[in-house]
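Containing TSV, C-alpha atoms and all ligand atoms: run.tsv.
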```
chain	number	residue	atom	x	y	z
A	1	PRO	CA	33.55	243.80	35.36
A	2	GLU	CA	30.00	244.87	34.51
A	3	PRO	CA	28.03	246.57	37.32
A	4	ASN	CA	25.94	243.42	37.84
A	5	GLU	CA	29.07	241.39	38.65
A	6	LEU	CA	29.91	243.58	41.68
A	7	SER	CA	28.59	243.23	45.22
A	8	GLU	CA	27.12	246.33	46.86
A	9	THR	CA	30.26	246.80	48.99
A	10	GLU	CA	32.55	246.47	45.98
A	11	ALA	CA	30.38	248.88	44.02
A	12	GLU	CA	30.54	251.40	46.83
A	13	ALA	CA	34.33	251.31	46.82
A	14	VAL	CA	34.53	251.70	43.03
A	15	VAL	CA	32.01	254.55	43.13
A	16	GLU	CA	34.04	256.39	45.77
A	17	ASN	CA	37.18	255.97	43.67
A	18	LEU	CA	35.48	257.14	40.51
A	19	ARG	CA	33.91	260.17	42.21
A	20	SER	CA	37.23	261.24	43.60
A	21	LEU	CA	38.91	260.86	40.21
A	22	VAL	CA	36.15	262.66	38.30
A	23	ARG	CA	36.29	265.52	40.83
A	24	GLN	CA	40.04	265.84	40.36
A	25	HIS	CA	39.72	265.84	36.59
A	26	ASP	CA	36.89	268.39	36.75
A	27	HIS	CA	39.10	270.70	38.77
A	28	ARG	CA	42.02	270.34	36.37
A	29	TYR	CA	39.78	270.93	33.36
A	30	TYR	CA	37.33	273.61	34.48
A	31	VAL	CA	39.30	275.55	37.09
A	32	GLU	CA	42.94	275.11	36.12
A	33	ASP	CA	42.36	274.75	32.34
A	34	ASP	CA	44.99	272.02	32.43
A	35	PRO	CA	43.49	268.51	32.03
A	36	VAL	CA	45.69	265.45	32.50
A	37	VAL	CA	43.54	262.89	30.64
A	38	THR	CA	41.84	262.95	27.24
A	39	ASP	CA	38.15	263.82	27.05
A	40	ALA	CA	37.38	260.27	25.89
A	41	GLU	CA	39.09	258.86	28.95
A	42	TYR	CA	37.19	261.28	31.18
A	43	ASP	CA	33.91	260.33	29.47
A	44	ARG	CA	34.54	256.64	30.18
A	45	LEU	CA	35.16	257.29	33.88
A	46	TYR	CA	32.07	259.48	34.07
A	47	ARG	CA	29.89	256.94	32.26
A	48	ALA	CA	31.16	254.10	34.49
A	49	LEU	CA	30.20	256.17	37.53
A	50	GLU	CA	26.75	256.92	36.08
A	51	ASP	CA	26.18	253.23	35.31
A	52	LEU	CA	27.10	252.17	38.84
A	53	GLU	CA	24.93	254.86	40.42
A	54	ARG	CA	22.04	253.61	38.29
A	55	ALA	CA	22.67	249.95	39.14
A	56	PHE	CA	23.10	250.63	42.90
A	57	PRO	CA	20.52	253.21	43.99
A	58	ASN	CA	21.82	253.06	47.59
A	59	VAL	CA	25.11	254.67	46.60
A	60	ARG	CA	23.47	257.64	44.88
A	61	SER	CA	24.38	261.03	46.30
A	62	GLU	CA	23.55	264.63	45.51
A	63	ASP	CA	27.23	265.40	45.99
A	64	SER	CA	28.24	263.14	43.13
A	65	PRO	CA	29.93	264.92	40.21
A	66	THR	CA	27.27	263.31	37.99
A	67	GLN	CA	24.70	265.65	39.56
A	68	ARG	CA	26.69	268.80	38.84
A	69	VAL	CA	27.64	271.08	35.98
A	70	GLY	CA	31.15	272.34	35.21
A	71	GLY	CA	33.44	273.73	37.89
A	72	GLU	CA	33.33	276.44	40.54
A	73	PRO	CA	34.02	279.96	39.24
A	74	ILE	CA	37.50	281.20	40.17
A	75	SER	CA	37.60	284.00	42.71
A	76	ALA	CA	39.82	286.37	40.70
A	77	PHE	CA	36.64	287.34	38.83
A	78	GLU	CA	33.42	288.94	39.91
A	79	LYS	CA	30.69	286.32	40.07
A	80	HIS	CA	27.72	286.38	37.74
A	81	GLU	CA	24.53	284.65	38.82
A	82	HIS	CA	22.73	283.16	35.81
A	83	PRO	CA	19.05	284.09	35.81
A	84	GLU	CA	18.39	280.61	34.38
A	85	PRO	CA	20.90	277.79	34.93
A	86	MET	CA	23.27	276.92	32.10
A	87	LEU	CA	23.14	273.14	31.96
A	88	SER	CA	25.40	270.47	30.55
A	89	LEU	CA	24.34	267.84	27.98
A	90	SER	CA	23.72	264.12	28.27
A	91	ASN	CA	25.86	262.04	25.97
A	92	ALA	CA	25.18	259.37	23.35
A	93	PHE	CA	28.29	257.37	22.48
A	94	ASP	CA	26.88	255.49	19.47
A	95	ALA	CA	23.96	255.32	17.03
A	96	GLN	CA	21.91	253.07	19.33
A	97	GLU	CA	22.18	255.51	22.24
A	98	LEU	CA	21.08	258.31	19.93
A	99	ARG	CA	18.04	256.30	18.79
A	100	ASP	CA	17.27	255.43	22.44
A	101	TRP	CA	17.35	259.14	23.32
A	102	TYR	CA	14.92	259.91	20.47
A	103	ASP	CA	12.57	257.10	21.57
A	104	ARG	CA	12.62	258.45	25.14
A	105	CYS	CA	11.67	261.89	23.83
A	106	ARG	CA	8.76	260.40	21.85
A	107	ARG	CA	7.54	258.49	24.89
A	108	GLY	CA	7.94	261.62	27.04
A	109	LEU	CA	5.61	263.53	24.70
A	110	GLU	CA	3.02	260.76	24.32
A	111	ASP	CA	0.72	261.70	27.22
A	112	VAL	CA	0.25	265.27	26.05
A	113	TYR	CA	0.84	265.13	22.30
A	114	GLY	CA	0.12	261.50	21.31
A	115	ASP	CA	2.39	259.59	18.95
A	116	VAL	CA	4.48	262.37	17.41
A	117	ALA	CA	7.80	262.13	15.56
A	118	PRO	CA	9.41	265.43	16.58
A	119	VAL	CA	11.65	267.34	14.19
A	120	VAL	CA	15.21	267.74	15.46
A	121	VAL	CA	18.06	270.16	14.77
A	122	ALA	CA	21.64	268.84	14.63
A	123	GLU	CA	24.54	271.20	15.27
A	124	LEU	CA	28.27	270.64	15.41
A	125	LYS	CA	29.48	270.53	19.01
A	126	ILE	CA	32.25	273.09	19.14
A	127	ASP	CA	34.94	272.26	21.69
A	128	GLY	CA	35.28	275.59	23.47
A	129	LEU	CA	33.62	277.26	26.46
A	130	ALA	CA	30.00	278.13	27.01
A	131	VAL	CA	29.30	281.81	27.62
A	132	ALA	CA	26.19	283.90	28.16
A	133	LEU	CA	26.07	287.37	26.57
A	134	THR	CA	23.38	289.70	27.82
A	135	TYR	CA	22.32	292.55	25.55
A	136	GLN	CA	20.40	295.45	27.09
A	137	ASP	CA	18.54	297.57	24.50
A	138	GLY	CA	20.82	296.01	21.87
A	139	HIS	CA	24.09	296.81	23.69
A	140	LEU	CA	26.37	294.15	25.15
A	141	ASP	CA	25.91	294.58	28.89
A	142	VAL	CA	27.35	291.50	30.63
A	143	ALA	CA	29.31	288.46	29.46
A	144	ALA	CA	29.79	285.48	31.75
A	145	THR	CA	31.22	281.97	31.69
A	146	ARG	CA	28.97	279.02	32.53
A	147	GLY	CA	30.91	278.26	35.72
A	148	ASN	CA	29.00	275.71	37.79
A	149	GLY	CA	25.84	276.44	35.82
A	150	ARG	CA	24.25	278.64	38.49
A	151	VAL	CA	27.13	281.06	38.99
A	152	GLY	CA	29.77	281.94	36.41
A	153	GLU	CA	32.58	284.47	36.07
A	154	ASN	CA	31.97	287.98	34.82
A	155	ILE	CA	34.30	288.24	31.81
A	156	THR	CA	32.74	291.29	30.15
A	157	HIS	CA	36.11	293.14	29.96
A	158	ASN	CA	37.57	290.28	27.88
A	159	VAL	CA	34.57	289.64	25.67
A	160	ARG	CA	34.56	293.29	24.63
A	161	THR	CA	37.91	292.63	22.90
A	162	ILE	CA	36.50	289.82	20.71
A	163	HIS	CA	35.79	291.38	17.33
A	164	ARG	CA	33.57	288.49	16.24
A	165	ILE	CA	31.11	289.26	19.05
A	166	PRO	CA	28.96	292.28	18.20
A	167	MET	CA	28.87	295.04	20.81
A	168	VAL	CA	25.57	296.25	19.38
A	169	VAL	CA	22.73	294.27	17.78
A	170	PRO	CA	21.32	294.25	15.20
A	171	VAL	CA	24.62	294.69	13.41
A	172	SER	CA	22.71	295.96	10.37
A	173	GLY	CA	19.05	296.23	9.48
A	174	ASP	CA	16.29	297.85	11.44
A	175	GLN	CA	14.83	295.06	13.61
A	176	GLU	CA	13.98	296.18	17.11
A	177	PRO	CA	16.13	294.17	19.57
A	178	PRO	CA	14.40	292.79	22.69
A	179	ASP	CA	14.83	295.03	25.79
A	180	ARG	CA	16.94	292.33	27.35
A	181	MET	CA	18.26	289.28	25.55
A	182	GLU	CA	20.67	286.58	26.72
A	183	VAL	CA	22.60	284.90	23.91
A	184	ARG	CA	24.31	281.62	24.68
A	185	GLY	CA	27.12	280.20	22.64
A	186	GLU	CA	30.61	278.86	22.47
A	187	VAL	CA	33.86	280.84	22.55
A	188	PHE	CA	36.67	278.92	20.85
A	189	MET	CA	39.92	279.34	18.95
A	190	ARG	CA	40.33	278.33	15.31
A	191	LYS	CA	43.02	275.70	14.68
A	192	SER	CA	44.98	277.92	12.27
A	193	GLU	CA	44.89	280.84	14.68
A	194	PHE	CA	45.85	278.57	17.59
A	195	GLU	CA	48.93	277.35	15.67
A	196	ALA	CA	49.96	280.91	14.86
A	197	LEU	CA	49.46	281.99	18.48
A	198	ASN	CA	51.57	279.10	19.79
A	199	GLU	CA	54.31	279.93	17.32
A	200	ARG	CA	54.33	283.51	18.53
A	201	LEU	CA	54.38	282.44	22.20
A	202	ARG	CA	57.32	280.10	21.53
A	203	ASP	CA	59.19	282.89	19.71
A	204	GLU	CA	58.66	285.08	22.77
A	205	ASP	CA	59.84	282.26	25.08
A	206	GLU	CA	56.43	281.99	26.63
A	207	GLN	CA	54.48	278.85	27.49
A	208	ALA	CA	52.51	277.48	24.51
A	209	PHE	CA	48.98	276.06	24.96
A	210	ALA	CA	48.23	272.32	24.81
A	211	ASN	CA	45.20	272.62	22.52
A	212	PRO	CA	42.76	275.20	21.13
A	213	ARG	CA	40.28	274.71	23.99
A	214	ASN	CA	42.93	275.42	26.64
A	215	ALA	CA	44.06	278.43	24.66
A	216	ALA	CA	40.48	279.75	24.50
A	217	ALA	CA	39.86	279.07	28.21
A	218	GLY	CA	43.15	280.66	29.29
A	219	THR	CA	42.55	283.67	27.07
A	220	LEU	CA	38.97	284.20	28.16
A	221	ARG	CA	39.99	284.16	31.82
A	222	GLN	CA	42.88	286.58	31.44
A	223	LEU	CA	42.81	289.30	34.05
A	224	ASP	CA	44.35	291.77	31.61
A	225	PRO	CA	42.04	292.46	28.64
A	226	SER	CA	44.95	293.86	26.60
A	227	VAL	CA	46.36	290.30	26.50
A	228	THR	CA	42.98	288.90	25.42
A	229	ALA	CA	42.80	291.54	22.70
A	230	GLN	CA	45.99	290.16	21.10
A	231	ARG	CA	44.62	286.64	20.92
A	232	PRO	CA	42.19	285.50	18.28
A	233	LEU	CA	38.94	284.18	19.75
A	234	SER	CA	35.87	283.14	17.78
A	235	PHE	CA	32.25	282.67	18.75
A	236	PHE	CA	29.15	280.79	17.56
A	237	ALA	CA	25.75	281.47	19.11
A	238	TYR	CA	23.55	278.41	19.67
A	239	ALA	CA	20.68	279.42	21.95
A	240	ILE	CA	18.96	282.17	23.86
A	241	GLY	CA	18.54	282.38	27.61
A	242	PRO	CA	16.03	284.64	29.37
A	243	THR	CA	14.81	287.20	26.85
A	244	THR	CA	12.03	289.78	26.99
A	245	GLY	CA	9.38	290.16	24.30
A	246	GLY	CA	8.08	287.61	21.84
A	247	THR	CA	10.61	284.89	21.07
A	248	PRO	CA	10.39	282.19	18.37
A	249	ASP	CA	8.64	278.90	19.17
A	250	SER	CA	11.25	276.64	17.59
A	251	HIS	CA	14.98	276.23	17.96
A	252	HIS	CA	15.74	276.68	14.25
A	253	ALA	CA	13.77	279.96	14.20
A	254	THR	CA	15.75	281.12	17.26
A	255	LEU	CA	19.01	280.48	15.40
A	256	GLU	CA	17.66	282.37	12.38
A	257	MET	CA	16.74	285.31	14.61
A	258	LEU	CA	20.22	285.36	16.16
A	259	GLY	CA	21.75	285.24	12.67
A	260	GLU	CA	19.60	288.19	11.59
A	261	PHE	CA	20.85	290.15	14.58
A	262	GLY	CA	24.38	289.62	13.23
A	263	LEU	CA	25.53	286.95	15.69
A	264	PRO	CA	27.77	284.27	14.13
A	265	ILE	CA	25.97	280.93	13.65
A	266	GLU	CA	27.72	277.67	12.70
A	267	SER	CA	26.89	276.97	9.06
A	268	HIS	CA	26.49	273.16	9.09
A	269	THR	CA	23.40	273.17	11.32
A	270	GLN	CA	20.63	271.05	9.80
A	271	GLN	CA	17.02	270.21	10.51
A	272	PHE	CA	15.78	266.59	10.25
A	273	ASP	CA	12.46	264.80	10.48
A	274	ASP	CA	13.87	261.26	10.38
A	275	ILE	CA	16.18	259.87	13.06
A	276	ASP	CA	17.96	257.64	10.47
A	277	ASP	CA	19.15	260.79	8.69
A	278	VAL	CA	20.33	262.27	12.01
A	279	VAL	CA	22.38	259.14	12.69
A	280	GLU	CA	23.92	259.39	9.22
A	281	PHE	CA	24.71	263.09	9.71
A	282	CYS	CA	26.34	262.46	13.11
A	283	GLU	CA	28.41	259.55	11.88
A	284	SER	CA	29.50	261.42	8.76
A	285	TRP	CA	31.22	264.02	10.95
A	286	ILE	CA	33.50	261.43	12.60
A	287	ASP	CA	35.67	261.57	9.46
A	288	ARG	CA	34.81	265.08	8.28
A	289	ARG	CA	35.75	266.76	11.57
A	290	ASP	CA	39.37	267.19	10.45
A	291	ASP	CA	38.26	269.26	7.43
A	292	LEU	CA	37.09	272.08	9.72
A	293	ASP	CA	39.26	274.90	11.05
A	294	TYR	CA	37.82	274.40	14.55
A	295	GLU	CA	37.72	271.41	16.85
A	296	ILE	CA	34.44	269.63	17.37
A	297	ASP	CA	33.92	266.77	19.80
A	298	GLY	CA	30.52	265.66	18.62
A	299	VAL	CA	27.14	266.70	17.26
A	300	VAL	CA	24.41	268.18	19.47
A	301	VAL	CA	20.91	266.99	18.59
A	302	LYS	CA	17.98	269.04	19.89
A	303	ILE	CA	14.21	268.70	19.68
A	304	ASP	CA	13.20	271.69	17.54
A	305	ASP	CA	9.76	272.56	18.88
A	306	LEU	CA	9.94	274.73	22.02
A	307	PRO	CA	6.64	273.54	23.57
A	308	TYR	CA	7.99	269.97	23.18
A	309	GLN	CA	11.23	271.05	24.89
A	310	GLU	CA	9.24	272.49	27.78
A	311	GLU	CA	7.17	269.35	28.11
A	312	LEU	CA	10.31	267.19	28.24
A	313	GLY	CA	12.08	269.44	30.78
A	314	ALA	CA	15.41	268.62	32.41
A	315	ILE	CA	17.12	266.26	34.84
A	316	SER	CA	19.45	267.70	37.50
A	317	ASN	CA	22.24	268.82	35.17
A	318	ALA	CA	21.02	268.42	31.58
A	319	PRO	CA	17.91	268.98	29.47
A	320	ARG	CA	16.02	265.87	28.32
A	321	TRP	CA	15.31	267.44	24.92
A	322	ALA	CA	18.95	267.52	23.78
A	323	VAL	CA	21.80	265.03	23.53
A	324	ALA	CA	25.46	265.22	22.56
A	325	PHE	CA	26.52	262.50	20.11
A	326	LYS	CA	30.18	262.10	21.10
A	327	PHE	CA	32.76	260.92	18.59
A	328	PRO	CA	34.65	257.69	19.37
A	329	ALA	CA	38.02	258.04	21.09
A	330	ARG	CA	41.01	258.64	18.88
A	331	GLU	CA	43.28	256.81	21.32
A	332	ALA	CA	42.76	254.02	23.85
A	333	THR	CA	43.64	254.48	27.53
A	334	THR	CA	43.48	252.34	30.62
A	335	THR	CA	42.84	254.24	33.89
A	336	LEU	CA	39.34	252.79	34.25
A	337	GLU	CA	40.59	249.21	34.02
A	338	LYS	CA	43.23	249.96	36.65
A	339	ILE	CA	40.72	251.34	39.15
A	340	ILE	CA	38.37	248.41	38.78
A	341	VAL	CA	41.12	245.81	38.98
A	342	ASN	CA	42.62	247.46	42.09
A	343	VAL	CA	39.41	247.32	44.12
A	401	LIG	P1	29.62	268.91	27.33
A	401	LIG	O1	30.80	269.65	26.81
A	401	LIG	O2	29.60	267.47	27.06
A	401	LIG	O3	28.26	269.57	26.80
A	401	LIG	C1	27.78	270.85	27.16
A	401	LIG	C2	28.52	271.96	26.49
A	401	LIG	O4	28.55	271.77	25.10
A	401	LIG	C3	27.85	273.31	26.62
A	401	LIG	O5	28.09	273.88	27.87
A	401	LIG	C4	28.52	274.06	25.52
A	401	LIG	O6	29.73	274.63	26.01
A	401	LIG	C5	28.91	273.00	24.53
A	401	LIG	N1	28.32	273.14	23.19
A	401	LIG	C6	29.04	273.20	22.03
A	401	LIG	N2	28.24	273.33	20.99
A	401	LIG	C7	26.96	273.37	21.45
A	401	LIG	C8	25.70	273.49	20.83
A	401	LIG	N3	25.57	273.59	19.51
A	401	LIG	N4	24.60	273.49	21.62
A	401	LIG	C9	24.70	273.36	22.96
A	401	LIG	N5	25.89	273.24	23.62
A	401	LIG	C10	27.00	273.24	22.86
A	401	LIG	O7	29.45	269.09	28.83
A	401	LIG	P2	30.32	269.82	29.87
A	401	LIG	O8	29.59	269.70	31.12
A	401	LIG	O9	30.73	271.15	29.38
A	401	LIG	O10	31.66	268.99	29.92
A	401	LIG	C11	31.76	267.64	29.94
A	401	LIG	C12	32.82	267.28	28.94
A	401	LIG	O11	33.99	268.04	29.16
A	401	LIG	C13	33.24	265.85	29.08
A	401	LIG	O12	32.42	265.00	28.33
A	401	LIG	C14	34.66	265.90	28.57
A	401	LIG	O13	34.62	265.83	27.17
A	401	LIG	C15	35.11	267.26	28.99
A	401	LIG	N6	35.87	267.19	30.25
A	401	LIG	C16	37.11	266.71	30.19
A	401	LIG	C17	37.87	266.57	31.33
A	401	LIG	C18	39.27	266.03	31.22
A	401	LIG	O14	39.92	265.89	32.26
A	401	LIG	N7	39.76	265.74	30.05
A	401	LIG	C19	37.34	266.94	32.58
A	401	LIG	C20	36.05	267.44	32.62
A	401	LIG	C21	35.31	267.56	31.45
```

Give the structure from the file, written as structure tokens.
Amino acid sequence: PEPNELSETEAEAVVENLRSLVRQHDHRYYVEDDPVVTDAEYDRLYRALEDLERAFPNVRSEDSPTQRVGGEPISAFEKHEHPEPMLSLSNAFDAQELRDWYDRCRRGLEDVYGDVAPVVVAELKIDGLAVALTYQDGHLDVAATRGNGRVGENITHNVRTIHRIPMVVPVSGDQEPPDRMEVRGEVFMRKSEFEALNERLRDEDEQAFANPRNAAAGTLRQLDPSVTAQRPLSFFAYAIGPTTGGTPDSHHATLEMLGEFGLPIESHTQQFDDIDDVVEFCESWIDRRDDLDYEIDGVVVKIDDLPYQEELGAISNAPRWAVAFKFPAREATTTLEKIIVNV
């Protein structure tokens, strides 16, 4: 049933069920690195919960998983407090939702900037793990997972074994690095390297990984860095966190700066000034995703201009100036129907 077909009492029961399920899936995914449902299935449960919380304001709660980011950091690691929270992203599941997001951004800017049509940057959404790398005077100082967004795990010992992450920036050239710079990006495993790793693990009678994301998560949270060193991890930078000195005033210029420092940047990133072209770009990747050697689960679309981003701000767990266009499910599943029917 649609939210408007439920009574308040029925809605409350469904919401409780959904929250409990989403919490369990979050734990399996973020803490145990061992999900039991597909991401598309998870997204449907999460969206159903969001819709009900919107339709029934009385059932809203700060404890709801819709108000949170990620999972709690595991205690085997030292904790790292993020100087600025690492948020999640809101989702758009089709072209209309993407256009609605863009219209909301335009309306959000109207009071201060008038009727503007902001430029956006579209980037492939790599299916890995968000990390924050802090460089002090150009040297990699601390690396941390996103964790619950406020506190992550200190994984510096493992990140130092990833050859694709520079220990010193700039890698070449004579630019002066900022005194302190936080680089945010995604650690992931390439499909070809994942297959080779699994083959090796099977040969050694060890447990193979279910997919490249699990392999990357398990590898990044190894306690023994010599194990991490034998496993091929990759990295793409996609943002900066707190950084001293003058920083660029647009997102695309930030990416260019990171590229000049020698940080790996995903090469399909594109700037657009027309939302129709963004929609076309996003939809084109639904079929092209299999041509890549890494898994993507969508396209992230961001307002380019930093003052616009600041004006738009954030909701509890995601910025308003960015959205993740998620690809349609590859397979259909039924948990959601079961929960609703059983109430
Ligand atoms: P998200 O993955 O939808 O979006 C935020 C993340 O996107 C960032 O933290 C970053 O890691 C990543 N990202 C990749 N490329 C990026 C780019 N260019 N710019 C910015 N960010 C980029 O949100 P989330 O909170 O990490 O996780 C929610 C998603 O995780 C769900 O939608 C689902 O797909 C999956 N999940 C699955 C299960 C399950 O049981 N299967 C459980 C929990 C979460």

Counting all atoms listed in the file, give me one row per residue of chain A with an atom at most 8 Å from an atom of ligand LIG 401 (chain A), showing the shortest contact pair and its distance in Å to one decimal, sorted by chain then residue number, as CSV.
```
residue,atom,partner,partner_atom,distance
A:Val22,CA,A:LIG401,C19,7.2
A:His25,CA,A:LIG401,O14,4.3
A:Asp26,CA,A:LIG401,C20,4.3
A:His27,CA,A:LIG401,C19,7.5
A:Arg28,CA,A:LIG401,O14,6.4
A:Tyr29,CA,A:LIG401,C19,4.7
A:Tyr30,CA,A:LIG401,C20,6.6
A:Asp34,CA,A:LIG401,O14,8.0
A:Pro35,CA,A:LIG401,O14,4.4
A:Val36,CA,A:LIG401,O14,5.8
A:Val37,CA,A:LIG401,N7,4.8
A:Thr38,CA,A:LIG401,N7,4.5
A:Asp39,CA,A:LIG401,N7,3.9
A:Ala40,CA,A:LIG401,O13,6.3
A:Glu41,CA,A:LIG401,N7,7.0
A:Tyr42,CA,A:LIG401,C18,5.2
A:Asp43,CA,A:LIG401,O12,5.0
A:Tyr46,CA,A:LIG401,O12,8.0
A:Val69,CA,A:LIG401,O8,5.4
A:Gly70,CA,A:LIG401,O8,5.1
A:Met86,CA,A:LIG401,O5,7.1
A:Leu87,CA,A:LIG401,O5,6.5
A:Ser88,CA,A:LIG401,C1,4.2
A:Leu89,CA,A:LIG401,O3,4.4
A:Ser90,CA,A:LIG401,O2,6.9
A:Asn91,CA,A:LIG401,O2,6.7
A:Ala122,CA,A:LIG401,N3,7.9
A:Glu123,CA,A:LIG401,N3,5.0
A:Leu124,CA,A:LIG401,N3,5.7
A:Lys125,CA,A:LIG401,N2,3.6
A:Ile126,CA,A:LIG401,C6,4.3
A:Asp127,CA,A:LIG401,C6,6.0
A:Gly128,CA,A:LIG401,O6,6.2
A:Leu129,CA,A:LIG401,O6,4.7
A:Ala130,CA,A:LIG401,O6,3.7
A:Val131,CA,A:LIG401,O6,7.4
A:Arg146,CA,A:LIG401,O5,7.0
A:Gly185,CA,A:LIG401,C4,6.9
A:Glu186,CA,A:LIG401,O6,5.6
A:Ala237,CA,A:LIG401,N3,7.9
A:Tyr238,CA,A:LIG401,N3,5.2
A:Ala239,CA,A:LIG401,N4,7.1
A:Ile296,CA,A:LIG401,C6,8.0
A:Asp297,CA,A:LIG401,O13,7.5
A:Val299,CA,A:LIG401,N3,7.4
A:Val300,CA,A:LIG401,N3,5.5
A:Ala324,CA,A:LIG401,O2,6.5
```

**OP:** Might you pull out every residue within 10 Å of Thr9 of chain A, with all atoms listed in the file counted and same-chain residues fewer than 5 positions away left off, and present them as a VMD selection string?
**Re:** chain A and resid 14 to 15 59

Subject >> Nearest residue to Tyr102 of chain A from the set A:Arg289, A:Arg160, A:Arg190, A:Arg320 (distances using only C-alpha atoms) >> reply: A:Arg320

**OP:** Write out as number ranges by chain each polymer residue whose atoms come within 6 Å of segment 206-217 of chain A, counting all atoms listed in the file; drop sequence neighbours fewer than 2 positions from it.
**Re:** A: 33, 128, 188-189, 194, 198, 201-202, 204, 219-220

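Shortest separation to Gln96 of chain A among A:Met167, A:Ile155, A:Val121, A:Ile275 occurs at residue A:Ile275, atoms counted being all atoms listed in the file.
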
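Atom pair atom CA of Ala55 of chain A / atom CA of Arg19 of chain A has a distance of 15.5 Å (rounded to one decimal).
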
**OP:** Using only C-alpha atoms, find the one residue out of A:Ser316, A:Asp304, A:Gly114, A:Leu197 that sits nearest to Pro65 of chain A.
**Re:**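 Smallest separation from Pro65 of chain A among the options: A:Ser316.
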
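The environment of Gly245 of chain A within 12 Å, counting only C-alpha atoms and disregarding residues fewer than 6 places along the same chain, consists of Asp137, Glu176, Pro177, Pro178, Asp179, Arg180 and Met181 of chain A.
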
Original post:
Do you know which residues are at most 12 Å from Arg107 of chain A counting all atoms listed in the file, after dropping those on the same chain fewer than 2 positions away, and could you put them as number ranges by chain?
Top reply: A: 100-105, 109-118, 308, 311-312, 320-321

**OP:** For Glu8 of chain A, list every protein, DNA or RNA residue within 9 Å, evaluated using all atoms listed in the file, and leave out those in the same chain fewer than 3 positions away; present the list as a PyMOL selection string.
**Re:** chain A and resi 11-13+56+58-59

Subject >> A:Val119, A:Arg164, A:Glu81, A:Asp293 ranked by distance to Arg106 of chain A, top pick (using all atoms listed in the file) >> reply: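 Looking only at the distances to Arg106 of chain A, the closest residue turns out to be A:Val119.
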
**OP:** Kindly indicate which residue among A:Asn158, A:His82, A:Ala314, A:Glu53 lies nearest to Ser226 of chain A, using all atoms listed in the file for the distances.
**Re:**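 Looking only at the distances to Ser226 of chain A, the closest residue turns out to be A:Asn158.
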
**OP:** Between atom CA of Thr156 of chain A and atom CA of Ser250 of chain A, measure the distance and give it in Å to one decimal.
**Re:** 28.9 Å

Original post:
Hey, which of A:Gly152, A:Gly246, A:Pro170, A:Pro3 ends up closest to His139 of chain A? Count all atoms listed in the file.
Top reply: A:Pro170

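One finds atom CA of Phe261 of chain A at 28.3 Å from atom CA of Glu78 of chain A.
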